[in-house]
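One file, query.cif, is given below (mmCIF, C-alpha atoms).
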```
data_data
#
loop_
_atom_site.label_atom_id
_atom_site.label_comp_id
_atom_site.auth_asym_id
_atom_site.auth_seq_id
_atom_site.Cartn_x
_atom_site.Cartn_y
_atom_site.Cartn_z
CA MET A 1 26.12 -24.97 -15.36
CA LYS A 2 29.18 -24.02 -17.38
CA ASP A 3 27.86 -20.84 -18.97
CA THR A 4 25.60 -18.45 -17.09
CA SER A 5 27.17 -15.38 -18.73
CA LYS A 6 26.03 -13.22 -21.62
CA ASP A 7 27.37 -15.73 -24.16
CA GLY A 8 25.23 -18.50 -22.66
CA ALA A 9 22.16 -16.30 -22.70
CA GLN A 10 22.75 -15.25 -26.31
CA SER A 11 23.25 -18.87 -27.37
CA ALA A 12 19.98 -19.86 -25.73
CA ASP A 13 18.22 -16.88 -27.31
CA ARG A 14 19.26 -18.03 -30.78
CA THR A 15 18.17 -21.59 -30.09
CA VAL A 16 14.85 -20.99 -28.44
CA GLY A 17 13.73 -17.68 -29.90
CA GLN A 18 11.13 -15.24 -28.74
CA SER A 19 8.20 -17.66 -29.29
CA ALA A 20 9.17 -19.36 -26.00
CA ALA A 21 7.84 -16.34 -24.14
CA ILE A 22 4.36 -17.84 -24.22
CA ALA A 23 5.46 -21.40 -23.40
CA GLY A 24 2.90 -23.08 -21.17
CA ARG A 25 0.26 -20.37 -21.52
CA GLY A 26 -3.19 -21.93 -21.64
CA SER A 27 -1.84 -25.47 -21.76
CA THR A 28 -2.86 -28.30 -19.46
CA ALA A 29 0.16 -30.47 -20.32
CA PRO A 30 2.86 -30.88 -17.64
CA LEU A 31 5.37 -28.06 -17.69
CA GLY A 32 8.94 -29.00 -18.48
CA ILE A 33 11.15 -27.62 -15.72
CA ALA A 34 14.80 -27.64 -14.71
CA VAL A 35 16.13 -27.05 -11.19
CA VAL A 36 19.44 -25.21 -10.99
CA GLY A 37 21.35 -25.86 -7.78
CA ALA A 38 21.60 -29.15 -5.87
CA GLY A 39 22.67 -27.70 -2.55
CA TYR A 40 20.53 -27.03 0.53
CA TRP A 41 17.23 -26.00 -1.09
CA GLY A 42 17.45 -27.62 -4.51
CA PRO A 43 16.61 -31.16 -3.30
CA ASN A 44 13.36 -29.86 -1.74
CA LEU A 45 12.36 -28.34 -5.07
CA VAL A 46 13.32 -31.52 -6.91
CA ARG A 47 11.11 -33.60 -4.63
CA ASN A 48 8.09 -31.33 -5.09
CA PHE A 49 8.42 -30.93 -8.84
CA GLN A 50 8.84 -34.68 -9.25
CA SER A 51 5.76 -35.48 -7.18
CA SER A 52 3.52 -32.90 -8.88
CA PRO A 53 1.47 -33.91 -11.94
CA LEU A 54 1.73 -30.30 -13.10
CA TYR A 55 5.40 -30.68 -14.03
CA ARG A 56 7.88 -32.91 -15.76
CA LEU A 57 11.31 -32.40 -14.22
CA ARG A 58 13.82 -32.55 -17.06
CA TYR A 59 17.14 -31.56 -15.48
CA LEU A 60 18.95 -30.98 -12.22
CA CYS A 61 21.84 -28.66 -13.04
CA ASP A 62 24.79 -28.09 -10.72
CA LEU A 63 28.48 -27.33 -11.10
CA ASP A 64 29.10 -30.41 -8.96
CA LEU A 65 27.76 -33.16 -11.20
CA ASP A 66 28.28 -35.86 -8.57
CA ARG A 67 26.17 -33.92 -6.10
CA ALA A 68 23.37 -33.62 -8.65
CA ARG A 69 23.53 -37.37 -9.25
CA GLN A 70 23.35 -38.09 -5.53
CA VAL A 71 20.26 -35.91 -5.13
CA LEU A 72 18.45 -37.64 -7.98
CA GLY A 73 19.39 -41.16 -6.97
CA ARG A 74 20.51 -44.10 -9.06
CA TYR A 75 17.23 -44.83 -10.87
CA SER A 76 15.95 -41.35 -11.65
CA THR A 77 14.97 -40.48 -15.21
CA VAL A 78 15.84 -36.81 -14.60
CA GLN A 79 19.03 -35.73 -16.37
CA PRO A 80 21.86 -34.49 -14.11
CA THR A 81 24.07 -31.95 -15.84
CA SER A 82 26.60 -29.18 -15.29
CA ASP A 83 25.92 -27.56 -18.68
CA TYR A 84 23.47 -24.72 -18.04
CA ALA A 85 23.59 -23.47 -21.63
CA ALA A 86 22.38 -26.87 -22.84
CA VAL A 87 19.49 -26.75 -20.38
CA LEU A 88 18.41 -23.34 -21.66
CA ALA A 89 18.71 -24.50 -25.27
CA ASP A 90 16.30 -27.42 -24.73
CA PRO A 91 12.81 -26.46 -25.97
CA SER A 92 11.23 -29.05 -23.66
CA VAL A 93 12.28 -26.87 -20.71
CA GLN A 94 9.67 -24.16 -20.26
CA ALA A 95 10.64 -23.01 -16.77
CA VAL A 96 13.69 -22.86 -14.52
CA ALA A 97 13.82 -22.94 -10.72
CA VAL A 98 16.91 -21.22 -9.33
CA ALA A 99 18.29 -22.53 -6.03
CA THR A 100 21.84 -21.17 -6.18
CA PRO A 101 23.61 -18.68 -3.85
CA ALA A 102 22.03 -15.21 -3.88
CA GLY A 103 25.09 -13.66 -5.50
CA THR A 104 24.49 -15.78 -8.61
CA HIS A 105 20.75 -15.17 -8.93
CA LEU A 106 21.11 -12.30 -11.39
CA ASP A 107 23.26 -14.19 -13.89
CA VAL A 108 21.40 -17.50 -13.64
CA ALA A 109 17.87 -16.06 -13.70
CA LEU A 110 18.64 -13.42 -16.33
CA ALA A 111 20.04 -16.06 -18.69
CA ALA A 112 16.87 -18.12 -18.26
CA LEU A 113 14.59 -15.16 -18.93
CA ARG A 114 16.56 -14.22 -22.04
CA ALA A 115 16.14 -17.81 -23.20
CA GLY A 116 12.36 -17.43 -22.90
CA LYS A 117 11.95 -19.49 -19.73
CA HIS A 118 9.63 -18.71 -16.83
CA VAL A 119 11.67 -18.37 -13.65
CA LEU A 120 11.22 -19.25 -9.99
CA VAL A 121 13.93 -17.87 -7.67
CA GLU A 122 14.50 -18.84 -4.05
CA LYS A 123 14.72 -15.96 -1.58
CA PRO A 124 16.14 -13.40 -1.81
CA LEU A 125 15.24 -12.48 -5.38
CA ALA A 126 18.76 -11.11 -5.94
CA ALA A 127 21.77 -9.87 -4.04
CA THR A 128 20.79 -6.20 -4.48
CA TYR A 129 17.69 -4.17 -5.27
CA GLU A 130 19.18 -3.02 -8.58
CA ASP A 131 19.82 -6.62 -9.63
CA GLY A 132 16.26 -7.49 -8.68
CA MET A 133 14.96 -4.60 -10.79
CA ARG A 134 16.84 -5.96 -13.80
CA LEU A 135 15.14 -9.33 -13.39
CA VAL A 136 11.68 -7.80 -12.99
CA ALA A 137 12.17 -5.55 -16.01
CA GLU A 138 13.40 -8.44 -18.17
CA ALA A 139 10.47 -10.66 -17.22
CA GLU A 140 7.92 -7.92 -17.85
CA LYS A 141 9.48 -7.03 -21.20
CA ARG A 142 9.27 -10.63 -22.37
CA GLY A 143 5.87 -11.43 -20.87
CA LEU A 144 7.33 -14.17 -18.67
CA THR A 145 6.44 -15.29 -15.17
CA LEU A 146 9.00 -14.33 -12.52
CA MET A 147 8.19 -15.68 -9.08
CA CYS A 148 10.01 -15.50 -5.76
CA ASP A 149 9.94 -18.61 -3.56
CA HIS A 150 8.70 -16.96 -0.35
CA THR A 151 7.86 -20.35 1.07
CA TYR A 152 6.24 -19.25 4.34
CA CYS A 153 3.59 -17.34 2.41
CA TYR A 154 2.26 -20.66 1.15
CA THR A 155 1.77 -22.32 4.52
CA PRO A 156 -1.90 -22.92 5.34
CA ALA A 157 -1.56 -20.75 8.46
CA VAL A 158 -0.23 -17.69 6.61
CA ARG A 159 -2.79 -18.01 3.85
CA ARG A 160 -5.54 -18.06 6.50
CA ILE A 161 -3.98 -15.04 8.21
CA ARG A 162 -3.97 -13.19 4.88
CA GLU A 163 -7.69 -13.88 4.50
CA MET A 164 -8.48 -12.60 7.99
CA VAL A 165 -6.37 -9.46 7.67
CA ARG A 166 -7.57 -8.52 4.20
CA SER A 167 -11.23 -9.25 4.92
CA GLY A 168 -11.18 -6.77 7.79
CA GLU A 169 -11.85 -9.45 10.39
CA LEU A 170 -9.11 -7.99 12.61
CA GLY A 171 -10.09 -4.40 11.88
CA GLU A 172 -7.57 -1.68 11.16
CA ILE A 173 -4.04 -2.99 11.68
CA HIS A 174 -2.31 -1.30 14.62
CA PHE A 175 0.90 -3.33 14.88
CA VAL A 176 2.73 -6.45 13.72
CA ASP A 177 5.34 -8.07 15.95
CA SER A 178 7.44 -10.98 14.69
CA VAL A 179 10.09 -13.07 16.46
CA ARG A 180 12.38 -15.53 14.65
CA ILE A 181 15.14 -16.68 16.97
CA ASN A 182 17.14 -19.85 17.47
CA LEU A 183 20.66 -21.16 18.02
CA GLY A 184 21.35 -21.06 14.30
CA LEU A 185 24.17 -21.39 11.84
CA VAL A 186 26.19 -18.17 11.80
CA GLN A 187 26.62 -17.26 8.14
CA LYS A 188 29.90 -16.04 6.67
CA ASP A 189 28.55 -13.89 3.86
CA VAL A 190 25.40 -12.28 5.31
CA ASP A 191 24.24 -10.94 8.66
CA VAL A 192 21.26 -12.23 10.62
CA LEU A 193 18.93 -9.68 9.01
CA TRP A 194 19.64 -10.90 5.48
CA ASP A 195 19.54 -14.53 6.61
CA LEU A 196 16.34 -14.66 8.67
CA ALA A 197 14.33 -11.46 8.20
CA PRO A 198 13.33 -12.16 4.55
CA HIS A 199 10.90 -14.78 5.88
CA ASP A 200 9.11 -12.30 8.13
CA LEU A 201 9.26 -9.44 5.63
CA SER A 202 7.78 -11.57 2.85
CA VAL A 203 4.96 -12.68 5.15
CA LEU A 204 4.31 -9.07 6.16
CA ASP A 205 3.99 -7.99 2.52
CA PHE A 206 1.80 -11.01 1.79
CA ILE A 207 -0.75 -10.45 4.55
CA LEU A 208 -1.08 -6.65 4.61
CA PRO A 209 -3.89 -5.06 2.57
CA ASP A 210 -2.72 -3.41 -0.64
CA HIS A 211 -3.29 0.08 0.76
CA VAL A 212 -1.00 -0.55 3.76
CA GLN A 213 2.68 -0.18 2.87
CA PRO A 214 5.98 0.21 4.77
CA VAL A 215 7.52 3.62 4.15
CA ALA A 216 10.64 3.66 6.35
CA VAL A 217 12.78 1.36 8.48
CA ALA A 218 15.13 1.59 11.44
CA ALA A 219 17.42 -1.27 12.45
CA THR A 220 19.82 -1.99 15.28
CA GLY A 221 22.10 -4.98 15.66
CA ALA A 222 24.94 -6.46 17.66
CA ASP A 223 27.84 -8.85 17.13
CA PRO A 224 28.69 -10.02 20.65
CA ILE A 225 30.71 -13.04 19.48
CA GLY A 226 32.92 -11.23 16.97
CA ALA A 227 31.49 -12.99 13.91
CA GLY A 228 32.06 -9.96 11.70
CA GLN A 229 28.37 -9.17 11.18
CA SER A 230 25.27 -8.71 13.30
CA CYS A 231 24.11 -11.92 14.99
CA VAL A 232 21.21 -10.25 16.83
CA ALA A 233 19.06 -7.58 15.20
CA TYR A 234 15.85 -5.61 15.65
CA LEU A 235 14.03 -4.01 12.74
CA THR A 236 11.15 -1.53 13.01
CA LEU A 237 9.05 -0.56 10.00
CA GLN A 238 6.89 2.53 9.82
CA LEU A 239 3.69 1.91 7.84
CA ASN A 240 1.87 4.58 5.85
CA THR A 241 -1.14 4.26 8.15
CA GLY A 242 0.82 5.22 11.26
CA ALA A 243 1.08 1.60 12.46
CA ILE A 244 4.41 -0.15 12.99
CA ALA A 245 5.83 -3.61 12.32
CA HIS A 246 8.68 -5.03 14.37
CA VAL A 247 10.97 -7.97 13.56
CA HIS A 248 13.41 -9.61 16.00
CA VAL A 249 15.96 -12.05 14.54
CA ASN A 250 18.70 -13.82 16.47
CA TRP A 251 21.25 -16.57 15.79
CA LEU A 252 22.29 -16.86 19.43
CA SER A 253 19.09 -17.75 21.26
CA PRO A 254 19.21 -21.08 23.17
CA THR A 255 15.50 -21.54 22.44
CA LYS A 256 13.70 -21.56 19.13
CA VAL A 257 10.78 -19.15 18.75
CA ARG A 258 8.69 -18.56 15.61
CA THR A 259 5.80 -16.26 16.47
CA THR A 260 4.00 -13.39 14.79
CA MET A 261 1.36 -11.18 16.40
CA VAL A 262 -0.97 -9.04 14.30
CA GLY A 263 -2.87 -6.49 16.35
CA GLY A 264 -6.01 -4.93 14.94
CA SER A 265 -8.71 -2.56 16.14
CA LYS A 266 -11.18 -5.45 16.44
CA ARG A 267 -9.08 -8.52 17.23
CA THR A 268 -5.49 -9.63 17.70
CA LEU A 269 -4.04 -12.70 16.04
CA VAL A 270 -1.09 -14.82 17.18
CA TRP A 271 0.67 -17.26 14.85
CA ASP A 272 2.92 -19.80 16.57
CA ASP A 273 4.58 -21.81 13.82
CA LEU A 274 6.05 -24.29 16.32
CA ASN A 275 2.66 -25.27 17.75
CA PRO A 276 1.16 -27.84 15.37
CA THR A 277 -2.03 -28.22 17.42
CA GLN A 278 -2.84 -24.48 17.57
CA ARG A 279 -0.87 -22.52 15.03
CA VAL A 280 -3.27 -19.56 14.93
CA SER A 281 -5.15 -17.99 17.83
CA VAL A 282 -7.51 -15.03 17.53
CA PHE A 283 -8.19 -12.94 20.63
CA ASP A 284 -11.20 -10.70 21.02
CA ARG A 285 -9.28 -8.62 23.54
CA GLY A 286 -7.87 -5.16 23.28
CA VAL A 287 -8.05 -1.48 24.08
CA GLU A 288 -10.88 0.82 23.05
CA LEU A 289 -10.61 4.60 23.11
CA SER A 290 -13.73 6.75 23.40
CA THR A 291 -13.92 9.87 21.26
CA PRO A 292 -14.66 13.32 22.76
CA GLN A 293 -18.15 13.22 21.24
CA GLU A 294 -18.96 10.20 23.41
CA ILE A 295 -17.82 11.87 26.64
CA GLY A 296 -19.55 14.46 28.76
CA ALA A 297 -18.39 18.06 28.62
CA ASP A 298 -16.69 17.83 32.03
CA GLU A 299 -14.62 14.82 30.92
CA ARG A 300 -13.46 15.93 27.52
CA ARG A 301 -10.08 16.95 28.82
CA ASP A 302 -9.31 13.25 29.35
CA MET A 303 -9.79 10.54 26.79
CA LEU A 304 -11.35 7.39 28.22
CA VAL A 305 -9.57 4.09 27.73
CA SER A 306 -11.52 0.89 28.21
CA TYR A 307 -10.36 -2.69 27.95
CA ARG A 308 -12.19 -5.38 26.04
CA SER A 309 -11.73 -8.98 27.22
CA GLY A 310 -13.56 -11.45 25.01
CA ASP A 311 -13.08 -14.98 23.80
CA MET A 312 -10.10 -16.65 22.17
CA VAL A 313 -10.77 -18.68 19.04
CA ALA A 314 -8.39 -21.13 17.37
CA PRO A 315 -9.55 -21.51 13.75
CA ALA A 316 -9.06 -24.88 12.11
CA ILE A 317 -5.95 -24.84 9.92
CA GLY A 318 -5.34 -27.63 7.44
CA GLU A 319 -1.95 -29.21 6.92
CA LYS A 320 -0.28 -29.06 3.51
CA GLU A 321 3.37 -28.70 2.61
CA ALA A 322 4.07 -25.09 1.73
CA LEU A 323 6.36 -26.02 -1.13
CA ARG A 324 3.62 -28.09 -2.75
CA SER A 325 1.30 -25.06 -2.71
CA MET A 326 4.13 -22.87 -3.98
CA VAL A 327 4.88 -25.02 -7.04
CA GLU A 328 1.15 -25.20 -7.78
CA GLU A 329 0.97 -21.40 -7.69
CA PHE A 330 3.93 -21.17 -10.10
CA ALA A 331 2.23 -23.51 -12.58
CA ASP A 332 -1.09 -21.67 -12.39
CA ALA A 333 0.58 -18.29 -12.89
CA ILE A 334 2.40 -19.59 -15.97
CA ARG A 335 -0.72 -21.11 -17.50
CA THR A 336 -3.01 -18.14 -16.88
CA GLY A 337 -0.50 -15.36 -17.37
CA ARG A 338 -1.51 -13.69 -14.09
CA PRO A 339 1.13 -12.45 -11.61
CA PRO A 340 1.93 -15.06 -8.95
CA LEU A 341 1.07 -14.19 -5.35
CA THR A 342 4.77 -13.70 -4.62
CA ASP A 343 5.95 -12.20 -7.88
CA GLY A 344 9.18 -10.41 -8.67
CA ARG A 345 7.88 -7.13 -7.30
CA ALA A 346 7.14 -8.79 -3.96
CA GLY A 347 10.77 -9.88 -3.93
CA LEU A 348 11.82 -6.29 -4.70
CA LYS A 349 9.94 -4.99 -1.66
CA VAL A 350 11.89 -7.36 0.59
CA LEU A 351 15.21 -6.32 -0.98
CA ASP A 352 14.28 -2.65 -0.55
CA ILE A 353 13.70 -3.14 3.18
CA LEU A 354 16.86 -5.22 3.66
CA GLU A 355 19.07 -2.66 1.92
CA ALA A 356 17.50 0.19 3.90
CA ALA A 357 17.94 -1.81 7.12
CA SER A 358 21.62 -2.32 6.31
CA ARG A 359 22.04 1.43 5.83
CA SER A 360 20.24 2.01 9.12
CA LEU A 361 22.62 -0.38 10.88
CA GLU A 362 25.58 1.61 9.54
CA PHE A 363 24.12 4.81 11.01
CA ARG A 364 23.27 3.26 14.39
CA GLY A 365 19.53 2.93 13.95
CA ALA A 366 18.77 5.99 11.82
CA VAL A 367 15.39 5.94 10.06
CA VAL A 368 15.82 5.24 6.35
CA GLY A 369 13.07 5.77 3.77
CA LEU A 370 12.04 3.02 1.38
CA ARG A 371 11.92 3.17 -2.42
CA THR A 372 8.69 1.18 -2.60
CA GLY A 373 7.08 3.37 0.06
CA ARG A 374 7.35 6.56 -1.94
#
```
Rewritten as structure tokens:
Amino acid sequence: MKDTSKDGAQSADRTVGQSAAIAGRGSTAPLGIAVVGAGYWGPNLVRNFQSSPLYRLRYLCDLDLDRARQVLGRYSTVQPTSDYAAVLADPSVQAVAVATPAGTHLDVALAALRAGKHVLVEKPLAATYEDGMRLVAEAEKRGLTLMCDHTYCYTPAVRRIREMVRSGELGEIHFVDSVRINLGLVQKDVDVLWDLAPHDLSVLDFILPDHVQPVAVAATGADPIGAGQSCVAYLTLQLNTGAIAHVHVNWLSPTKVRTTMVGGSKRTLVWDDLNPTQRVSVFDRGVELSTPQEIGADERRDMLVSYRSGDMVAPAIGEKEALRSMVEEFADAIRTGRPPLTDGRAGLKVLDILEAASRSLEFRGAVVGLRTGR
């Protein structure tokens, strides 16, 4: 990974050429792929690419060559390397999966795109919205697939939730409430919002119907242990329909909670990611409000509220590793040329909210408008 700068990109451009922009389109042969980054997330990608018949893993690239070798093991046929420019110059590599720190995503992913490679980037897409825009623009200009690894979107539970929400099974969405708390690793470079909230924000964007969009955000946070950034935070999104979405993230909780509630006009859904026997529950319970036309003339001064208490249903949810589904989606998007379910623009929406939330934190919870909500 010696050269992720402009020189490395230009060298790869000369070697590969613009014809690589359609690499993999329409083909059924395994896609040649390289994973960049052998740290926390890279080994998970290596395992899934190696086990998938859709790919042929060519390289694991890391500045620490010994670490790359350890991840691959003694008998692997995958090439460990620290020379990123050589990876990009290899015509057998049609795609690159980036699993490096967020601050390097722009340089690493941009070099790959300029070399004509399709790119998968772990969350967040980039360190800033502007950097993310550069990646999206480059991919679109070259006709390449740019995908963000929003892993939770590819869990069987979330894909089922997306179906129920978008089919209208829950009715009009009134609220979304998400909790992601645990006694976690306090990060040095990012606050709890940037560390944990991308999971919930990517799921929110994934499940909401296309006509429902966040338009503004307000965030509050606290640093009770003096870590230098917020360790507990609450984020509230205003949606264009008048509904709200709320996200609670916390590094300091002694218990681990991973729940999301989606409240609709017909039904309310609860996703408990830590309950393997009943991850999703759908409640036919809620509040119904009568309209003035349904009330007698003497009662029209008061709206009538009634409560509905029906059954709870736990739909059957299959078990499949989310990363396996994610790498399959990446391959299908490359081959067909269609946008992946979590494309670069989905990553931009998450960055937009995170940056606005950071500004809101600076101004003690002020409401900040979103770029993608305009």
Subject >> Atom pair atom CA of A:Leu110 / atom CA of A:Ala38: separation (Å) >> reply: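 Going from atom CA of A:Leu110 over to atom CA of A:Ala38 covers 19.1 Å.
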Original post:
What's the 8 Å shell around A:Val232, counting only C-alpha atoms, without same-chain residues fewer than 5 positions away, as a ChimeraX atom specification?
Top reply: /A:192,221-223,248-252
**OP:** List the neighbours of stretch 339-352 of chain A out to 6 Å using only C-alpha atoms; skip same-chain residues closer than 6 positions along the sequence, and give me the result as JSON, numbers by chain.
**Re:** {"A": [125, 129, 136, 146, 147, 148, 333]}
Subject >> Residue IDs satisfying the PyMOL selection byres ((chain A and resi 54-63) around 9), as a PyMOL selection string >> reply: chain A and resi 1-2+28-39+42+46+49-53+64-69+71-72+77-84+87+92-93+100+327-328+331
What does the file look like for those residues with C-alpha atoms, as an mmCIF file, in the frame of the given file?
```cif
data_model
loop_
_atom_site.group_PDB
_atom_site.id
_atom_site.type_symbol
_atom_site.label_atom_id
_atom_site.label_comp_id
_atom_site.auth_asym_id
_atom_site.auth_seq_id
_atom_site.Cartn_x
_atom_site.Cartn_y
_atom_site.Cartn_z
ATOM 1 C CA MET A 1 26.120 -24.970 -15.360
ATOM 2 C CA LYS A 2 29.180 -24.020 -17.380
ATOM 3 C CA THR A 28 -2.860 -28.300 -19.460
ATOM 4 C CA ALA A 29 0.160 -30.470 -20.320
ATOM 5 C CA PRO A 30 2.860 -30.880 -17.640
ATOM 6 C CA LEU A 31 5.370 -28.060 -17.690
ATOM 7 C CA GLY A 32 8.940 -29.000 -18.480
ATOM 8 C CA ILE A 33 11.150 -27.620 -15.720
ATOM 9 C CA ALA A 34 14.800 -27.640 -14.710
ATOM 10 C CA VAL A 35 16.130 -27.050 -11.190
ATOM 11 C CA VAL A 36 19.440 -25.210 -10.990
ATOM 12 C CA GLY A 37 21.350 -25.860 -7.780
ATOM 13 C CA ALA A 38 21.600 -29.150 -5.870
ATOM 14 C CA GLY A 39 22.670 -27.700 -2.550
ATOM 15 C CA GLY A 42 17.450 -27.620 -4.510
ATOM 16 C CA VAL A 46 13.320 -31.520 -6.910
ATOM 17 C CA PHE A 49 8.420 -30.930 -8.840
ATOM 18 C CA GLN A 50 8.840 -34.680 -9.250
ATOM 19 C CA SER A 51 5.760 -35.480 -7.180
ATOM 20 C CA SER A 52 3.520 -32.900 -8.880
ATOM 21 C CA PRO A 53 1.470 -33.910 -11.940
ATOM 22 C CA ASP A 64 29.100 -30.410 -8.960
ATOM 23 C CA LEU A 65 27.760 -33.160 -11.200
ATOM 24 C CA ASP A 66 28.280 -35.860 -8.570
ATOM 25 C CA ARG A 67 26.170 -33.920 -6.100
ATOM 26 C CA ALA A 68 23.370 -33.620 -8.650
ATOM 27 C CA ARG A 69 23.530 -37.370 -9.250
ATOM 28 C CA VAL A 71 20.260 -35.910 -5.130
ATOM 29 C CA LEU A 72 18.450 -37.640 -7.980
ATOM 30 C CA THR A 77 14.970 -40.480 -15.210
ATOM 31 C CA VAL A 78 15.840 -36.810 -14.600
ATOM 32 C CA GLN A 79 19.030 -35.730 -16.370
ATOM 33 C CA PRO A 80 21.860 -34.490 -14.110
ATOM 34 C CA THR A 81 24.070 -31.950 -15.840
ATOM 35 C CA SER A 82 26.600 -29.180 -15.290
ATOM 36 C CA ASP A 83 25.920 -27.560 -18.680
ATOM 37 C CA TYR A 84 23.470 -24.720 -18.040
ATOM 38 C CA VAL A 87 19.490 -26.750 -20.380
ATOM 39 C CA SER A 92 11.230 -29.050 -23.660
ATOM 40 C CA VAL A 93 12.280 -26.870 -20.710
ATOM 41 C CA THR A 100 21.840 -21.170 -6.180
ATOM 42 C CA VAL A 327 4.880 -25.020 -7.040
ATOM 43 C CA GLU A 328 1.150 -25.200 -7.780
ATOM 44 C CA ALA A 331 2.230 -23.510 -12.580
#
```
Quick check on the file I pasted: which residues fall under the PyMOL selection byres ((chain A and resi 188) around 9)? Write them as a PDB file with C-alpha atoms, in the frame of the given file.
```
ATOM      1  CA  VAL A 186      26.190 -18.170  11.800  1.00  0.00           C
ATOM      2  CA  GLN A 187      26.620 -17.260   8.140  1.00  0.00           C
ATOM      3  CA  ASP A 189      28.550 -13.890   3.860  1.00  0.00           C
ATOM      4  CA  VAL A 190      25.400 -12.280   5.310  1.00  0.00           C
ATOM      5  CA  ASP A 191      24.240 -10.940   8.660  1.00  0.00           C
ATOM      6  CA  ALA A 227      31.490 -12.990  13.910  1.00  0.00           C
ATOM      7  CA  GLY A 228      32.060  -9.960  11.700  1.00  0.00           C
ATOM      8  CA  GLN A 229      28.370  -9.170  11.180  1.00  0.00           C
TER       9      GLN A 229
END
```
Subject >> Polymer residues at most 8 Å from A:Gly171, all atoms listed in the file, same-chain spacing of 6 or more positions, as a list in words >> reply: Val165, Gly264, Ser265, Lys266 and Arg267 of chain A
Save out the residues we just selected, C-alpha atoms, as an mmCIF file, keeping the file's coordinate frame.
```cif
data_model
loop_
_atom_site.group_PDB
_atom_site.id
_atom_site.type_symbol
_atom_site.label_atom_id
_atom_site.label_comp_id
_atom_site.auth_asym_id
_atom_site.auth_seq_id
_atom_site.Cartn_x
_atom_site.Cartn_y
_atom_site.Cartn_z
ATOM 1 C CA VAL A 165 -6.370 -9.460 7.670
ATOM 2 C CA GLY A 264 -6.010 -4.930 14.940
ATOM 3 C CA SER A 265 -8.710 -2.560 16.140
ATOM 4 C CA LYS A 266 -11.180 -5.450 16.440
ATOM 5 C CA ARG A 267 -9.080 -8.520 17.230
#
```
**OP:** Determine the residue membership of the PyMOL selection byres ((chain A and resi 353) around 10) for the file above and supply it as a PyMOL selection string.
**Re:** chain A and resi 129+197-198+201+214-218+235+237+348-352+354-359+368-373
Just to be explicit: take each residue in the selection above, keep C-alpha atoms, and write the result as a PDB file, in the frame of the given file.
```pdb
ATOM      1  CA  TYR A 129      17.690  -4.170  -5.270  1.00  0.00           C
ATOM      2  CA  ALA A 197      14.330 -11.460   8.200  1.00  0.00           C
ATOM      3  CA  PRO A 198      13.330 -12.160   4.550  1.00  0.00           C
ATOM      4  CA  LEU A 201       9.260  -9.440   5.630  1.00  0.00           C
ATOM      5  CA  PRO A 214       5.980   0.210   4.770  1.00  0.00           C
ATOM      6  CA  VAL A 215       7.520   3.620   4.150  1.00  0.00           C
ATOM      7  CA  ALA A 216      10.640   3.660   6.350  1.00  0.00           C
ATOM      8  CA  VAL A 217      12.780   1.360   8.480  1.00  0.00           C
ATOM      9  CA  ALA A 218      15.130   1.590  11.440  1.00  0.00           C
ATOM     10  CA  LEU A 235      14.030  -4.010  12.740  1.00  0.00           C
ATOM     11  CA  LEU A 237       9.050  -0.560  10.000  1.00  0.00           C
ATOM     12  CA  LEU A 348      11.820  -6.290  -4.700  1.00  0.00           C
ATOM     13  CA  LYS A 349       9.940  -4.990  -1.660  1.00  0.00           C
ATOM     14  CA  VAL A 350      11.890  -7.360   0.590  1.00  0.00           C
ATOM     15  CA  LEU A 351      15.210  -6.320  -0.980  1.00  0.00           C
ATOM     16  CA  ASP A 352      14.280  -2.650  -0.550  1.00  0.00           C
ATOM     17  CA  LEU A 354      16.860  -5.220   3.660  1.00  0.00           C
ATOM     18  CA  GLU A 355      19.070  -2.660   1.920  1.00  0.00           C
ATOM     19  CA  ALA A 356      17.500   0.190   3.900  1.00  0.00           C
ATOM     20  CA  ALA A 357      17.940  -1.810   7.120  1.00  0.00           C
ATOM     21  CA  SER A 358      21.620  -2.320   6.310  1.00  0.00           C
ATOM     22  CA  ARG A 359      22.040   1.430   5.830  1.00  0.00           C
ATOM     23  CA  VAL A 368      15.820   5.240   6.350  1.00  0.00           C
ATOM     24  CA  GLY A 369      13.070   5.770   3.770  1.00  0.00           C
ATOM     25  CA  LEU A 370      12.040   3.020   1.380  1.00  0.00           C
ATOM     26  CA  ARG A 371      11.920   3.170  -2.420  1.00  0.00           C
ATOM     27  CA  THR A 372       8.690   1.180  -2.600  1.00  0.00           C
ATOM     28  CA  GLY A 373       7.080   3.370   0.060  1.00  0.00           C
TER      29      GLY A 373
END
```
Original post:
Skipping near chain neighbours, those fewer than 4 positions away, what residues fall within 10 Å of A:Ala243 using only C-alpha atoms, listed as a PyMOL selection string?
Top reply: chain A and resi 172-176+212-214+237-239+263-264
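Interatomic distance, atom CA of A:Ala85 against atom CA of A:Thr145: 20.1 Å.
Between A:Val247 and the residues A:Ala126, A:Val313, A:Met164, A:Ile181, the shortest atom-to-atom distance, using only C-alpha atoms, involves A:Ile181.
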**OP:** Provide the atom CA of A:Ala102 to atom CA of A:Lys320 distance in Å, to one decimal place.
**Re:**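 Atom CA of A:Lys320 lies 27.3 Å from atom CA of A:Ala102.
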Subject >> Which of A:Arg258, A:His150, A:Arg134, A:Lys123 sits closest to A:Leu106 [using only C-alpha atoms] >> reply: A:Arg134
**OP:** Would you be able to write out as number ranges by chain which residues have an atom within 12 Å of (-1.9, -13.0, 18.1) in the file's coordinates, counting all atoms listed in the file?
**Re:** A: 161, 165, 170, 175-178, 259-264, 267-273, 278-286, 312-314
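Of the residues under consideration (A:Gln70, A:Cys153, A:Ala115, A:Leu135), A:Cys153 shows the shortest atom-to-atom contact distance to A:Glu321 when counting only C-alpha atoms.
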